[in-house]
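J.: So here's protein15.txt, just compact mmCIF, C-alpha atoms:
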# COMPACT_ATOMS: atom_id res chain seq x y z
CA MET T 1 15.43 5.50 3.97
CA SER T 2 14.84 5.38 0.27
CA GLU T 3 16.53 3.25 -2.35
CA ARG T 4 17.37 4.75 -5.72
CA THR T 5 18.44 3.20 -8.98
CA ASP T 6 19.73 5.07 -12.03
CA PHE T 7 19.34 3.46 -15.43
CA MET T 8 22.10 4.66 -17.76
CA PRO T 9 22.84 4.19 -21.43
CA GLY T 10 26.09 2.38 -22.22
CA ARG T 11 28.15 5.51 -22.93
CA LYS T 12 27.43 6.85 -19.51
CA VAL T 13 28.77 3.66 -17.92
CA ALA T 14 32.12 4.29 -19.62
CA ILE T 15 32.17 7.87 -18.37
CA LEU T 16 31.33 6.72 -14.85
CA LEU T 17 34.07 4.07 -14.83
CA ALA T 18 36.62 6.66 -15.90
CA MET T 19 35.48 9.03 -13.17
CA LEU T 20 35.69 6.24 -10.58
CA PHE T 21 39.23 5.41 -11.69
CA LEU T 22 40.37 9.02 -11.35
CA THR T 23 38.58 9.35 -8.03
CA SER T 24 40.31 6.26 -6.64
CA ILE T 25 43.70 7.78 -7.49
CA LEU T 26 42.86 11.04 -5.76
CA LEU T 27 41.49 9.27 -2.69
CA SER T 28 44.52 7.01 -2.36
CA ARG T 29 46.80 10.07 -2.36
CA SER T 30 44.76 11.88 0.26
CA LEU T 31 44.31 9.03 2.74
CA ASP T 32 47.80 9.61 4.15
CA ARG T 33 47.05 13.25 4.83
CA ALA T 34 43.57 13.28 6.34
CA GLN T 35 40.62 11.13 7.23
CA ILE T 36 37.94 11.35 4.54
CA ALA T 37 34.39 11.92 5.81
CA LYS T 38 31.40 10.56 3.89
CA PRO T 39 29.67 13.55 2.27
CA ALA T 40 25.97 14.19 2.72
CA GLU T 41 23.65 13.60 -0.21
CA VAL T 42 23.79 16.56 -2.57
CA ARG T 43 20.49 17.69 -4.03
CA ALA T 44 20.08 20.21 -6.79
CA PRO T 45 18.40 23.51 -5.85
CA ALA T 46 14.61 23.57 -5.92
CA GLU T 47 14.42 25.71 -9.04
CA PHE T 48 16.14 22.92 -10.98
CA PHE T 49 13.01 20.86 -10.47
CA SER T 50 10.46 23.59 -11.07
CA GLY T 51 9.16 22.27 -14.36
CA GLU T 52 12.24 22.77 -16.50
CA ASP T 53 13.50 19.78 -18.42
CA ARG T 54 15.95 17.94 -16.19
CA GLN T 55 19.21 16.85 -17.77
CA ASP T 56 21.87 14.47 -16.57
CA GLU T 57 25.13 16.45 -16.47
CA ALA T 58 27.39 13.68 -17.77
CA SER T 59 25.27 12.39 -20.64
CA GLY T 60 23.13 15.43 -21.44
CA LEU T 61 20.04 13.19 -21.50
CA GLN T 62 16.68 14.18 -20.10
CA VAL T 63 16.04 12.71 -16.63
CA LEU T 64 12.77 10.94 -15.82
CA ARG T 65 12.48 10.73 -12.03
CA ILE T 66 10.20 8.07 -10.58
CA THR T 67 9.39 7.43 -6.92
CA VAL T 68 7.49 4.33 -5.79
CA SER T 69 6.65 2.58 -2.51
CA LEU T 70 7.01 -1.15 -2.92
CA PRO T 71 8.22 -4.14 -0.89
CA PRO T 72 11.85 -4.98 -1.70
CA GLU T 73 10.93 -8.01 -3.82
CA ALA T 74 8.47 -6.05 -5.93
CA PHE T 75 10.92 -3.17 -6.31
CA ARG T 76 13.59 -5.54 -7.63
CA LYS T 77 11.20 -6.75 -10.29
CA LEU T 78 10.38 -3.14 -11.20
CA GLN T 79 14.11 -2.44 -11.43
CA ASP T 80 14.53 -5.36 -13.85
CA THR T 81 11.60 -4.22 -15.99
CA THR T 82 12.88 -0.64 -16.03
CA ASN T 83 16.36 -1.80 -16.94
CA GLN T 84 14.94 -3.65 -19.94
CA TYR T 85 12.98 -0.54 -20.88
CA SER T 86 16.10 1.64 -20.62
CA ASN T 87 18.05 -0.68 -22.88
CA GLU T 88 15.42 -0.13 -25.54
CA HIS T 89 15.02 3.63 -24.95
CA LYS T 90 18.50 5.12 -24.80
CA SER T 91 17.36 8.73 -25.21
CA ILE T 92 16.13 9.00 -21.62
CA TYR T 93 17.90 8.71 -18.27
CA ILE T 94 15.72 7.15 -15.54
CA GLU T 95 16.10 7.63 -11.80
CA LEU T 96 14.02 5.08 -9.89
CA GLU T 97 13.61 5.53 -6.15
CA ASN T 98 11.86 3.34 -3.57
CA VAL T 99 10.53 5.09 -0.46
CA PRO T 100 8.97 3.06 2.41
CA GLU T 101 5.19 3.29 2.36
CA GLU T 102 4.98 4.79 5.85
CA GLN T 103 7.31 7.63 4.77
CA SER T 104 5.98 8.28 1.28
CA TYR T 105 3.30 10.84 2.19
CA ASP T 106 5.66 13.18 4.06
CA TYR T 107 8.40 12.62 1.50
CA LEU T 108 6.25 13.42 -1.53
CA LYS T 109 4.39 16.31 0.07
CA SER T 110 7.60 17.97 1.22
CA ALA T 111 9.10 17.49 -2.24
CA ALA T 112 6.03 19.03 -3.88
CA GLU T 113 6.10 22.04 -1.57
CA LEU T 114 9.73 22.59 -2.57
CA GLY T 115 9.03 22.13 -6.26
CA ASP T 116 11.11 18.94 -6.19
CA THR T 117 8.52 16.34 -7.15
CA PRO T 118 9.48 13.32 -9.22
CA ASP T 119 7.88 13.15 -12.66
CA ILE T 120 6.01 9.97 -11.73
CA MET T 121 5.06 9.01 -8.20
CA MET T 122 3.22 6.08 -6.66
CA VAL T 123 0.49 7.57 -4.47
CA ASN T 124 -1.82 5.87 -1.99
CA HIS T 125 -5.45 6.46 -2.90
CA GLU T 126 -6.32 8.07 0.41
CA VAL T 127 -4.02 11.03 -0.41
CA LEU T 128 -4.61 11.23 -4.16
CA GLN T 129 -7.37 13.85 -3.97
CA GLU T 130 -5.42 15.89 -1.44
CA PHE T 131 -2.42 16.05 -3.77
CA ALA T 132 -4.66 16.86 -6.74
CA SER T 133 -6.50 19.63 -4.88
CA LEU T 134 -3.18 21.16 -3.77
CA GLY T 135 -2.02 21.39 -7.37
CA PHE T 136 0.73 18.77 -7.02
CA LEU T 137 -0.64 16.57 -9.84
CA GLN T 138 -1.90 16.84 -13.38
CA PRO T 139 -4.67 14.68 -14.88
CA VAL T 140 -3.62 11.44 -16.55
CA ASP T 141 -6.63 10.98 -18.86
CA THR T 142 -4.47 11.30 -21.96
CA LEU T 143 -2.06 8.64 -20.74
CA LEU T 144 -4.66 5.86 -20.90
CA THR T 145 -6.49 4.53 -23.92
CA ASN T 146 -10.12 3.49 -23.53
CA GLU T 147 -8.97 -0.13 -23.61
CA ALA T 148 -6.47 0.50 -20.83
CA LYS T 149 -9.12 2.22 -18.72
CA ALA T 150 -11.52 -0.69 -19.21
CA ALA T 151 -8.80 -3.15 -18.18
CA ARG T 152 -8.50 -1.60 -14.71
CA LEU T 153 -10.76 -2.64 -11.84
CA ASP T 154 -13.82 -0.40 -11.71
CA ILE T 155 -13.62 0.20 -7.98
CA MET T 156 -10.05 1.44 -8.35
CA MET T 157 -10.90 3.66 -11.33
CA ASP T 158 -13.69 5.23 -9.29
CA GLN T 159 -11.18 6.11 -6.59
CA VAL T 160 -8.88 8.02 -8.95
CA ARG T 161 -11.70 9.89 -10.74
CA TRP T 162 -12.41 13.29 -9.22
CA ASN T 163 -13.70 16.63 -10.49
CA GLY T 164 -14.18 15.24 -13.97
CA TYR T 165 -10.61 13.96 -14.41
CA LEU T 166 -8.48 10.90 -13.72
CA TRP T 167 -5.63 11.67 -11.31
CA GLY T 168 -3.95 8.28 -11.14
CA ILE T 169 -3.41 5.06 -13.06
CA PRO T 170 -4.33 2.24 -10.63
CA VAL T 171 -1.50 -0.16 -9.88
CA GLU T 172 -2.48 -2.00 -6.68
CA ALA T 173 -5.76 -3.43 -5.40
CA ASP T 174 -4.81 -5.30 -2.24
CA PRO T 175 -7.67 -6.79 -0.19
CA TYR T 176 -7.46 -7.34 3.54
CA VAL T 177 -7.90 -10.98 4.55
CA LEU T 178 -8.06 -13.09 7.69
CA ALA T 179 -5.05 -15.40 8.04
CA TRP T 180 -4.78 -18.24 10.57
CA HIS T 181 -2.48 -21.00 11.77
CA LYS T 182 -4.18 -24.10 10.38
CA PRO T 183 -2.97 -26.74 12.89
CA SER T 184 -4.04 -24.60 15.86
CA LEU T 185 -7.55 -23.98 14.53
CA GLU T 186 -7.98 -27.60 13.39
CA GLN T 187 -7.12 -28.75 16.91
CA LEU T 188 -9.87 -26.52 18.29
CA LYS T 189 -12.29 -27.41 15.46
CA LEU T 190 -12.38 -23.72 14.51
CA GLN T 191 -11.87 -24.02 10.75
CA PRO T 192 -13.27 -20.70 9.46
CA SER T 193 -15.23 -21.92 6.45
CA VAL T 194 -17.85 -19.25 7.17
CA LEU T 195 -17.07 -16.17 9.25
CA THR T 196 -20.34 -15.71 11.09
CA LYS T 197 -20.60 -13.66 14.23
CA GLU T 198 -21.05 -16.90 16.17
CA TRP T 199 -17.73 -18.16 14.79
CA TRP T 200 -15.98 -14.97 15.85
CA LEU T 201 -17.41 -15.21 19.38
CA ARG T 202 -16.42 -18.87 19.70
CA ALA T 203 -12.93 -18.15 18.38
CA ASP T 204 -12.55 -15.23 20.78
CA THR T 205 -13.50 -17.40 23.76
CA LEU T 206 -11.38 -20.44 22.88
CA LEU T 207 -8.27 -18.59 21.75
CA ARG T 208 -8.17 -16.09 24.60
CA ASN T 209 -8.45 -18.98 27.07
CA GLY T 210 -5.49 -20.72 25.43
CA ALA T 211 -1.82 -20.73 26.37
CA SER T 212 -0.60 -17.46 27.83
CA ASP T 213 2.40 -17.29 25.48
CA THR T 214 0.25 -17.20 22.34
CA ILE T 215 -1.44 -14.30 20.57
CA PRO T 216 -5.12 -15.04 19.79
CA LEU T 217 -5.60 -12.19 17.29
CA TYR T 218 -3.07 -9.79 15.80
CA ILE T 219 -3.46 -6.62 13.76
CA GLN T 220 -0.70 -4.25 12.73
CA SER T 221 -1.68 -1.18 14.74
CA SER T 222 0.28 1.12 12.44
CA ASP T 223 -2.07 0.16 9.59
CA PRO T 224 -5.43 1.90 10.11
CA TYR T 225 -7.13 -0.21 7.43
CA ALA T 226 -6.33 -3.39 9.35
CA PHE T 227 -8.37 -2.05 12.28
CA ILE T 228 -11.11 -0.77 9.98
CA SER T 229 -11.29 -4.22 8.33
CA LEU T 230 -11.52 -6.02 11.67
CA ILE T 231 -14.28 -3.80 13.04
CA TRP T 232 -16.21 -4.20 9.78
CA ALA T 233 -15.86 -7.99 9.92
CA LEU T 234 -17.13 -8.05 13.51
CA GLY T 235 -20.30 -6.18 12.62
CA GLY T 236 -19.23 -2.61 13.31
CA SER T 237 -20.08 0.11 10.81
CA TRP T 238 -18.00 2.75 9.09
CA GLN T 239 -20.41 5.31 7.73
CA GLU T 240 -23.03 2.67 6.96
CA ASN T 241 -26.57 3.94 6.31
CA GLU T 242 -25.16 7.46 6.06
CA ILE T 243 -24.42 7.61 9.78
CA ASN T 244 -21.43 9.91 10.04
CA LYS T 245 -19.54 7.91 12.68
CA LEU T 246 -18.09 4.61 13.76
CA THR T 247 -20.63 2.30 15.36
CA PHE T 248 -19.37 -0.78 17.17
CA GLU T 249 -21.86 -1.70 19.82
CA ASP T 250 -21.26 -5.43 20.42
CA SER T 251 -19.37 -5.21 23.71
CA ARG T 252 -18.63 -8.96 23.60
CA PHE T 253 -15.77 -8.15 21.20
CA TYR T 254 -14.31 -5.20 23.09
CA GLY T 255 -11.78 -7.24 25.07
CA GLY T 256 -10.53 -9.22 22.07
CA VAL T 257 -10.18 -6.17 19.83
CA THR T 258 -8.36 -4.21 22.53
CA ALA T 259 -5.96 -7.11 23.09
CA ALA T 260 -5.29 -7.32 19.34
CA VAL T 261 -4.49 -3.60 19.23
CA GLN T 262 -2.15 -3.97 22.20
CA GLN T 263 -0.29 -6.81 20.49
CA GLY T 264 0.01 -4.68 17.36
CA LEU T 265 1.70 -1.98 19.43
CA ALA T 266 4.18 -4.40 21.00
CA GLY T 267 6.92 -3.51 18.52
CA TYR T 268 7.32 -6.82 16.71
CA SER T 269 9.09 -6.60 13.36
CA ASP T 270 7.34 -7.83 10.22
CA ASN T 271 9.67 -10.83 10.12
CA GLU T 272 8.81 -11.70 13.72
CA VAL T 273 5.07 -11.43 13.06
CA TRP T 274 5.22 -13.83 10.12
CA GLU T 275 7.46 -16.21 12.04
CA PHE T 276 4.90 -16.16 14.87
CA ILE T 277 1.94 -17.10 12.68
CA ASN T 278 3.91 -19.65 10.65
CA LEU T 279 4.89 -21.40 13.90
CA GLY T 280 1.52 -20.98 15.63
CA LYS T 281 2.27 -18.34 18.27
CA ILE T 282 -0.19 -16.05 16.46
CA LYS T 283 -3.50 -17.82 15.78
CA LEU T 284 -5.43 -15.22 13.76
CA MET T 285 -4.21 -12.13 11.92
CA VAL T 286 -5.69 -9.40 9.72
CA THR T 287 -3.31 -8.67 6.84
CA ARG T 288 -3.12 -7.65 3.22
CA LEU T 289 -3.34 -10.43 0.69
CA SER T 290 0.01 -9.51 -0.88
CA ASP T 291 1.79 -9.75 2.49
CA LEU T 292 0.29 -13.18 3.04
CA LYS T 293 1.32 -14.37 -0.44
CA ARG T 294 4.91 -13.30 0.20
CA ASN T 295 5.29 -14.50 3.77
CA GLY T 296 2.68 -17.13 4.65
CA GLY T 297 3.91 -20.72 4.90
CA ALA T 298 2.16 -24.03 4.27
CA ASP T 299 0.52 -23.96 7.71
CA VAL T 300 -1.16 -20.58 7.16
CA GLY T 301 -4.67 -20.46 5.71
CA TYR T 302 -6.71 -17.43 4.76
CA ARG T 303 -10.01 -16.19 3.39
CA SER T 304 -11.70 -12.93 2.51
CA LEU T 305 -12.59 -10.66 5.39
CA GLY T 306 -16.11 -9.62 4.46
CA ARG T 307 -18.85 -8.39 6.75
CA SER T 308 -20.20 -11.07 9.09
CA ASN T 309 -23.77 -11.25 10.25
CA VAL T 310 -25.99 -13.70 12.10
CA THR T 311 -26.35 -16.35 9.41
CA ARG T 312 -23.71 -15.88 6.74
CA SER T 313 -20.45 -14.17 5.79
CA GLY T 314 -19.46 -11.93 2.96
CA SER T 315 -22.74 -10.15 2.36
CA LEU T 316 -20.46 -7.19 1.70
CA GLY T 317 -16.83 -7.53 0.73
CA GLY T 318 -13.79 -6.48 2.67
CA TRP T 319 -11.66 -3.35 2.51
CA ILE T 320 -9.09 -2.82 -0.24
CA TYR T 321 -5.82 -0.88 -0.21
CA GLY T 322 -5.11 0.91 -3.49
CA SER T 323 -2.31 2.90 -5.07
CA SER T 324 -1.71 4.52 -8.45
CA PHE T 325 0.93 6.06 -10.64
CA ALA T 326 0.38 9.82 -10.60
CA LEU T 327 1.96 12.53 -12.73
CA SER T 328 3.63 15.62 -11.30
CA ALA T 329 2.02 18.92 -12.22
CA ASN T 330 5.51 20.22 -13.04
CA THR T 331 6.73 17.53 -15.38
CA LYS T 332 7.31 18.30 -19.05
CA LEU T 333 8.05 14.65 -19.82
CA VAL T 334 4.44 13.55 -20.25
CA GLU T 335 5.09 11.42 -23.33
CA GLU T 336 8.13 9.78 -21.74
CA ALA T 337 6.07 9.08 -18.61
CA ARG T 338 3.29 7.55 -20.68
CA LYS T 339 5.71 5.20 -22.43
CA TRP T 340 7.31 4.02 -19.19
CA ILE T 341 3.97 3.49 -17.44
CA ASN T 342 2.61 1.54 -20.39
CA ALA T 343 5.72 -0.63 -20.39
CA VAL T 344 5.96 -1.48 -16.69
CA GLY T 345 2.21 -1.29 -15.98
CA ALA T 346 1.01 -3.47 -18.83
CA GLU T 347 -1.62 -6.07 -17.91
CA SER T 348 0.70 -8.99 -18.57
CA ILE T 349 3.49 -7.47 -16.45
CA LEU T 350 1.20 -6.68 -13.51
CA ALA T 351 -0.23 -10.21 -13.67
CA GLU T 352 3.30 -11.54 -13.23
CA TYR T 353 3.56 -9.60 -9.97
CA MET T 354 0.47 -11.44 -8.74
CA ASP T 355 1.78 -14.84 -9.87
CA GLU T 356 4.98 -14.22 -7.94
CA GLY T 357 3.14 -12.88 -4.87
CA LEU T 358 4.76 -9.46 -5.14
CA LEU T 359 1.68 -7.23 -5.28
CA MET T 360 -2.01 -7.51 -6.08
CA PRO T 361 -2.57 -5.69 -9.39
CA ALA T 362 -5.51 -3.41 -10.16
CA VAL T 363 -6.26 -5.08 -13.51
CA LYS T 364 -9.28 -7.26 -14.16
CA SER T 365 -7.43 -9.99 -16.02
CA ALA T 366 -5.38 -10.81 -12.91
CA TRP T 367 -8.53 -11.67 -10.95
CA THR T 368 -10.36 -13.81 -13.51
CA PHE T 369 -10.13 -17.38 -14.82
CA PRO T 370 -7.70 -19.02 -15.44
CA ARG T 371 -5.43 -16.92 -13.24
CA ILE T 372 -7.72 -17.61 -10.31
CA ALA T 373 -9.45 -20.95 -10.16
CA SER T 374 -13.15 -20.15 -10.26
CA PRO T 375 -15.78 -17.56 -9.29
CA ASN T 376 -15.62 -19.07 -5.79
CA ASP T 377 -11.86 -18.70 -5.50
CA LYS T 378 -10.95 -17.04 -2.22
CA ASP T 379 -8.74 -14.43 -3.89
CA GLY T 380 -11.64 -13.37 -6.08
CA GLN T 381 -13.95 -13.36 -3.06
CA ALA T 382 -11.54 -11.02 -1.29
CA LEU T 383 -11.91 -8.50 -4.07
CA ARG T 384 -15.56 -8.69 -5.15
CA GLN T 385 -17.86 -6.16 -3.54
CA GLY T 386 -14.78 -4.55 -2.07
CA ARG T 387 -15.02 -1.39 0.00
CA VAL T 388 -13.06 1.86 -0.17
CA PHE T 389 -13.66 5.33 1.18
CA GLU T 390 -14.88 7.98 -1.22
CA HIS T 391 -12.80 11.00 -2.17
CA GLN T 392 -11.78 13.09 0.82
CA PRO T 393 -8.97 15.64 0.70
CA ASP T 394 -8.33 15.20 4.43
CA MET T 395 -8.41 11.40 4.52
CA LYS T 396 -4.76 11.14 5.58
CA ARG T 397 -5.41 13.40 8.55
CA LYS T 398 -8.36 11.25 9.59
CA LEU T 399 -6.38 8.03 9.34
CA ASP T 400 -3.56 9.57 11.37
CA PHE T 401 -6.11 10.58 13.98
CA LEU T 402 -7.37 6.98 14.08
CA LEU T 403 -3.81 5.75 14.68
CA LEU T 404 -3.41 8.23 17.53
CA HIS T 405 -6.57 6.92 19.20
CA LEU T 406 -5.49 3.31 18.66
CA LYS T 407 -2.41 4.05 20.75
CA LYS T 408 -4.70 5.37 23.47
CA LEU T 409 -6.88 2.26 23.22
CA GLY T 410 -3.80 0.07 23.52
CA SER T 411 -2.66 2.06 26.55
CA GLY T 412 -5.84 1.48 28.53
CA THR T 413 -8.51 3.86 27.23
CA PRO T 414 -11.87 2.02 27.43
CA MET T 415 -13.43 1.06 24.09
CA GLU T 416 -16.51 3.20 24.75
CA GLU T 417 -14.32 6.27 25.34
CA PHE T 418 -12.23 5.41 22.27
CA ILE T 419 -15.33 5.36 20.05
CA ILE T 420 -16.63 8.68 21.43
CA GLY T 421 -13.27 10.39 21.01
CA LEU T 422 -12.86 9.10 17.47
CA ASN T 423 -16.35 10.19 16.43
CA GLN T 424 -15.77 13.70 17.76
CA GLU T 425 -12.92 14.28 15.33
CA TRP T 426 -13.24 11.81 12.48
CA SER T 427 -16.31 11.51 10.26
CA PRO T 428 -15.63 9.14 7.35
CA SER T 429 -17.59 9.64 4.15
CA GLN T 430 -19.94 7.08 2.69
CA PRO T 431 -17.95 4.07 1.46
CA HIS T 432 -18.08 3.07 -2.20
CA PHE T 433 -19.72 -0.30 -2.81
Take the structure I supplied and represent it as C-alpha cells, if you would.
T.:
Amino acid sequence: MSERTDFMPGRKVAILLAMLFLTSILLSRSLDRAQIAKPAEVRAPAEFFSGEDRQDEASGLQVLRITVSLPPEAFRKLQDTTNQYSNEHKSIYIELENVPEEQSYDYLKSAAELGDTPDIMMVNHEVLQEFASLGFLQPVDTLLTNEAKAARLDIMMDQVRWNGYLWGIPVEADPYVLAWHKPSLEQLKLQPSVLTKEWWLRADTLLRNGASDTIPLYIQSSDPYAFISLIWALGGSWQENEINKLTFEDSRFYGGVTAAVQQGLAGYSDNEVWEFINLGKIKLMVTRLSDLKRNGGADVGYRSLGRSNVTRSGSLGGWIYGSSFALSANTKLVEEARKWINAVGAESILAEYMDEGLLMPAVKSAWTFPRIASPNDKDGQALRQGRVFEHQPDMKRKLDFLLLHLKKLGSGTPMEEFIIGLNQEWSPSQPHF
C-alpha cells in the first residue's frame, strides 16, 4: 500500500476546505436514507499521463508527480523538505507518493506500460538499465552540473551510467554489514574484531551449540543481497575471476547458512527481528547499515561485511544497495524536476539523513571526515571497495530466481543441489570493484 502526499499552495487549501464543508452537508443529509460505501480510488485515464502537461483541476497548476520507496521515517523527512520547497515554489503542485520497496518494481513497471509513470521515480539500481532499455526513462545528464556529478560516489555513478548516458541521480549507497548482540559474543569471547574464516567457523560452532531458543545467524531471506553478502563474506564467489557462476565450496558452512535461510523464512516481522537481536535471541545478523542505524540498540555492534580469507578480513569490500532518482520518458516538466531534485537531494540535505540514521546517502561528503571519525571508521570501511553488479537488463529476474531457490533451500533442498540449480539459470555478470 502506498502513501501519497499532495503539496498545495494556500489558495487551494481554501478551495478544499469549502468543498469539505459542502460535502459534509450532503453526507449528513444522505446518512438517513442509505449507507454510504467508501469509493475506490479514482485514477485518471492513461492518456492523461501520456506526456501531456498534467494540471490540477481545482488550482489549474501543473502537477509534478513523484514516487519514492523509503522507510516511514525517511519519507516523513522528505515530506517536510518538499513542503518547504512547495511554500517557496507556488507555481507547481506536487504529488509525493511512497511505495514499499518490495512493491516498487511491479508498481512502476505497470504504470510505465500504461503510460501512467510519475515524473520522478526512485528506482533500485538493479532495474535501472531494464527501465532505460524499455524506454521508460530519459537521460538525466542535463539535470546535474559537473560539480554535482563529482559530489556523488563514483561506484554509484558507474551504476547509473549506461550506453553513454546517465539514467539516474544516485540517492542511496547502503552497505551490508554484520550486526551482533554484544553481551552474547563477549560471553563467548567471540568479539569480531577481524572476520577471518577461522572466526566464522568458531562462531558457527559455538553459536549453533548454544541454547535451542536462540538464532545463531539471521538473514532476511526476502532480500537477495543479504544472502549474496553472506556467501561473499564466507569465501564464496559471485562471478569472481570471470567464472560465470556461484562458487561456494566450503561445506563446513553449509549447515549454518541453510539454518540462517530457514530463520529468514520464518515470517518474523521487521520489528520482531530487531527486538530479537536487541535482546540477544538473535546473535548475528546480516543487514543494511541504514536499518541498523534506525533500529539497533546499545547492545548491538556491527562492522563491515567484507570478504574474509585465511589471514585477514576486508581484502575486498562488501556489497552495496543503491537507488537513484530517475526521470520519466514522458515528462515535460524536466526543469521543475531538476529544481526539486536539487532542493531535496542537495549534499547538505542528504547528509542530514545520514546523521539521523534515515538512509545512507550516495554523496562523498557524507562518508568523509568529520562526518565519520577517521579513515578507519567502520562506516567508511563498509563503503570502501564496495561491490555492485554491472549493468544487466534482466537483473531483477535473476534476483527473483535467487529468491525462489532460497525458498527451496529453506525447505530442505541440499546446498549442493541449490548451487547447481541456481547456476543453471542465473549467471551474474562481473562485479564492479
J.: For Gln220 in chain T, find every residue with an atom within 9 Å (counting only C-alpha atoms), except residues of its own chain fewer than 5 positions away, and show them as a PyMOL selection string.
T.: chain T and resi 226-227+260-261+263-265+285-287
J.: From the list T:Ala337, T:Ile320, T:Leu195, T:Ile420, which residue is nearest Ile228 in chain T when using all atoms listed in the file?
T.: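 Of all the options, T:Ile320 lies closest to Ile228 in chain T.
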J.: Between T:Leu206, T:Leu166, T:Leu359, T:Leu350, single out the one closest to Lys149 in chain T, counting all atoms listed in the file.
T.: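 The closest residue to Lys149 in chain T is T:Leu166.
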J.: In terms of the shortest atom-to-atom distance over only C-alpha atoms, which of T:Ala74, T:Met156, T:Ile277, T:Leu190 is closest to Pro175 in chain T?
T.: T:Met156
J.: For the atom pair CA of Asp80 in chain T and CA of Glu172 in chain T, what is the interatomic distance in Å to one decimal place?
T.: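 According to the coordinates, CA of Asp80 in chain T and CA of Glu172 in chain T are separated by 18.8 Å.
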J.: My list of candidates is T:Ile231, T:Leu78, T:Leu292, T:Leu70. Which is closest to Glu352 in chain T when distances are computed with only C-alpha atoms?
T.: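 Of T:Ile231, T:Leu78, T:Leu292, T:Leu70, the one nearest Glu352 in chain T is T:Leu78, counting only C-alpha atoms.
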J.: Just checking: using only C-alpha atoms, which residue out of T:Ser324, T:Gly410, T:Ser304, T:Ser269 ends up closest to Gly345 in chain T?
T.: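 Closest to Gly345 in chain T of all the choices is T:Ser324.
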J.: Identify which of the residues T:Glu275, T:Asp213, T:Asp270, T:Asp400 lies closest to Leu422 in chain T, counting all atoms listed in the file when measuring atom-to-atom distances.
T.: T:Asp400
J.: Within 6 Å of (-3.4, 3.3, -8.5), only C-alpha atoms: residues as an mmCIF file with C-alpha atoms, keeping the file's coordinate frame?
T.:
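Okay, this is what ended up in part29.cif:
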data_model
loop_
_atom_site.group_PDB
_atom_site.id
_atom_site.type_symbol
_atom_site.label_atom_id
_atom_site.label_comp_id
_atom_site.auth_asym_id
_atom_site.auth_seq_id
_atom_site.Cartn_x
_atom_site.Cartn_y
_atom_site.Cartn_z
ATOM 1 C CA GLY T 168 -3.950 8.280 -11.140
ATOM 2 C CA ILE T 169 -3.410 5.060 -13.060
ATOM 3 C CA PRO T 170 -4.330 2.240 -10.630
ATOM 4 C CA VAL T 171 -1.500 -0.160 -9.880
ATOM 5 C CA GLU T 172 -2.480 -2.000 -6.680
ATOM 6 C CA GLY T 322 -5.110 0.910 -3.490
ATOM 7 C CA SER T 323 -2.310 2.900 -5.070
ATOM 8 C CA SER T 324 -1.710 4.520 -8.450
ATOM 9 C CA PHE T 325 0.930 6.060 -10.640
#
J.: Give me the residues near Gly235 in chain T as a ChimeraX atom specification, where near means some atom within 8 Å (using only C-alpha atoms) and where sequence neighbours in that chain fewer than 2 positions away do not count.
T.: /T:197,231-233,237,248,250,307-309
J.: Would you kindly return, as a list in words, each protein, DNA or RNA residue with an atom no farther than 9 Å from any atom of Thr67 in chain T, considering all atoms listed in the file and excluding same-chain residues fewer than 6 positions away?
T.: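 That gives Arg4, Glu95, Leu96, Glu97, Asn98, Val99, Ser104, Leu108, Thr117, Pro118, Asp119, Ile120, Met121 and Met122 of chain T.
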J.: Give me the residues near Ala173 in chain T as a ChimeraX atom specification, where near means some atom within 6 Å (using only C-alpha atoms) and where sequence neighbours in that chain fewer than 3 positions away do not count.
T.: /T:321-322,360-362
J.: Contacts of range 207-212 of chain T at 12 Å or less, counting all atoms listed in the file, minus same-chain residues fewer than 2 places along, as a PDB file with C-alpha atoms, in the frame of the given file?
T.:
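Wrote around-v5.pdb, looks like this:
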ATOM      1  CA  TRP T 180      -4.780 -18.240  10.570  1.00  0.00           C
ATOM      2  CA  HIS T 181      -2.480 -21.000  11.770  1.00  0.00           C
ATOM      3  CA  SER T 184      -4.040 -24.600  15.860  1.00  0.00           C
ATOM      4  CA  LEU T 185      -7.550 -23.980  14.530  1.00  0.00           C
ATOM      5  CA  GLN T 187      -7.120 -28.750  16.910  1.00  0.00           C
ATOM      6  CA  LEU T 188      -9.870 -26.520  18.290  1.00  0.00           C
ATOM      7  CA  LYS T 189     -12.290 -27.410  15.460  1.00  0.00           C
ATOM      8  CA  LEU T 190     -12.380 -23.720  14.510  1.00  0.00           C
ATOM      9  CA  TRP T 199     -17.730 -18.160  14.790  1.00  0.00           C
ATOM     10  CA  TRP T 200     -15.980 -14.970  15.850  1.00  0.00           C
ATOM     11  CA  LEU T 201     -17.410 -15.210  19.380  1.00  0.00           C
ATOM     12  CA  ARG T 202     -16.420 -18.870  19.700  1.00  0.00           C
ATOM     13  CA  ALA T 203     -12.930 -18.150  18.380  1.00  0.00           C
ATOM     14  CA  ASP T 204     -12.550 -15.230  20.780  1.00  0.00           C
ATOM     15  CA  THR T 205     -13.500 -17.400  23.760  1.00  0.00           C
ATOM     16  CA  THR T 214       0.250 -17.200  22.340  1.00  0.00           C
ATOM     17  CA  ILE T 215      -1.440 -14.300  20.570  1.00  0.00           C
ATOM     18  CA  PRO T 216      -5.120 -15.040  19.790  1.00  0.00           C
ATOM     19  CA  LEU T 217      -5.600 -12.190  17.290  1.00  0.00           C
ATOM     20  CA  TYR T 218      -3.070  -9.790  15.800  1.00  0.00           C
ATOM     21  CA  PHE T 253     -15.770  -8.150  21.200  1.00  0.00           C
ATOM     22  CA  GLY T 255     -11.780  -7.240  25.070  1.00  0.00           C
ATOM     23  CA  GLY T 256     -10.530  -9.220  22.070  1.00  0.00           C
ATOM     24  CA  VAL T 257     -10.180  -6.170  19.830  1.00  0.00           C
ATOM     25  CA  ALA T 259      -5.960  -7.110  23.090  1.00  0.00           C
ATOM     26  CA  ALA T 260      -5.290  -7.320  19.340  1.00  0.00           C
ATOM     27  CA  GLY T 280       1.520 -20.980  15.630  1.00  0.00           C
ATOM     28  CA  LYS T 281       2.270 -18.340  18.270  1.00  0.00           C
ATOM     29  CA  ILE T 282      -0.190 -16.050  16.460  1.00  0.00           C
ATOM     30  CA  LYS T 283      -3.500 -17.820  15.780  1.00  0.00           C
ATOM     31  CA  LEU T 284      -5.430 -15.220  13.760  1.00  0.00           C
TER      32      LEU T 284
END
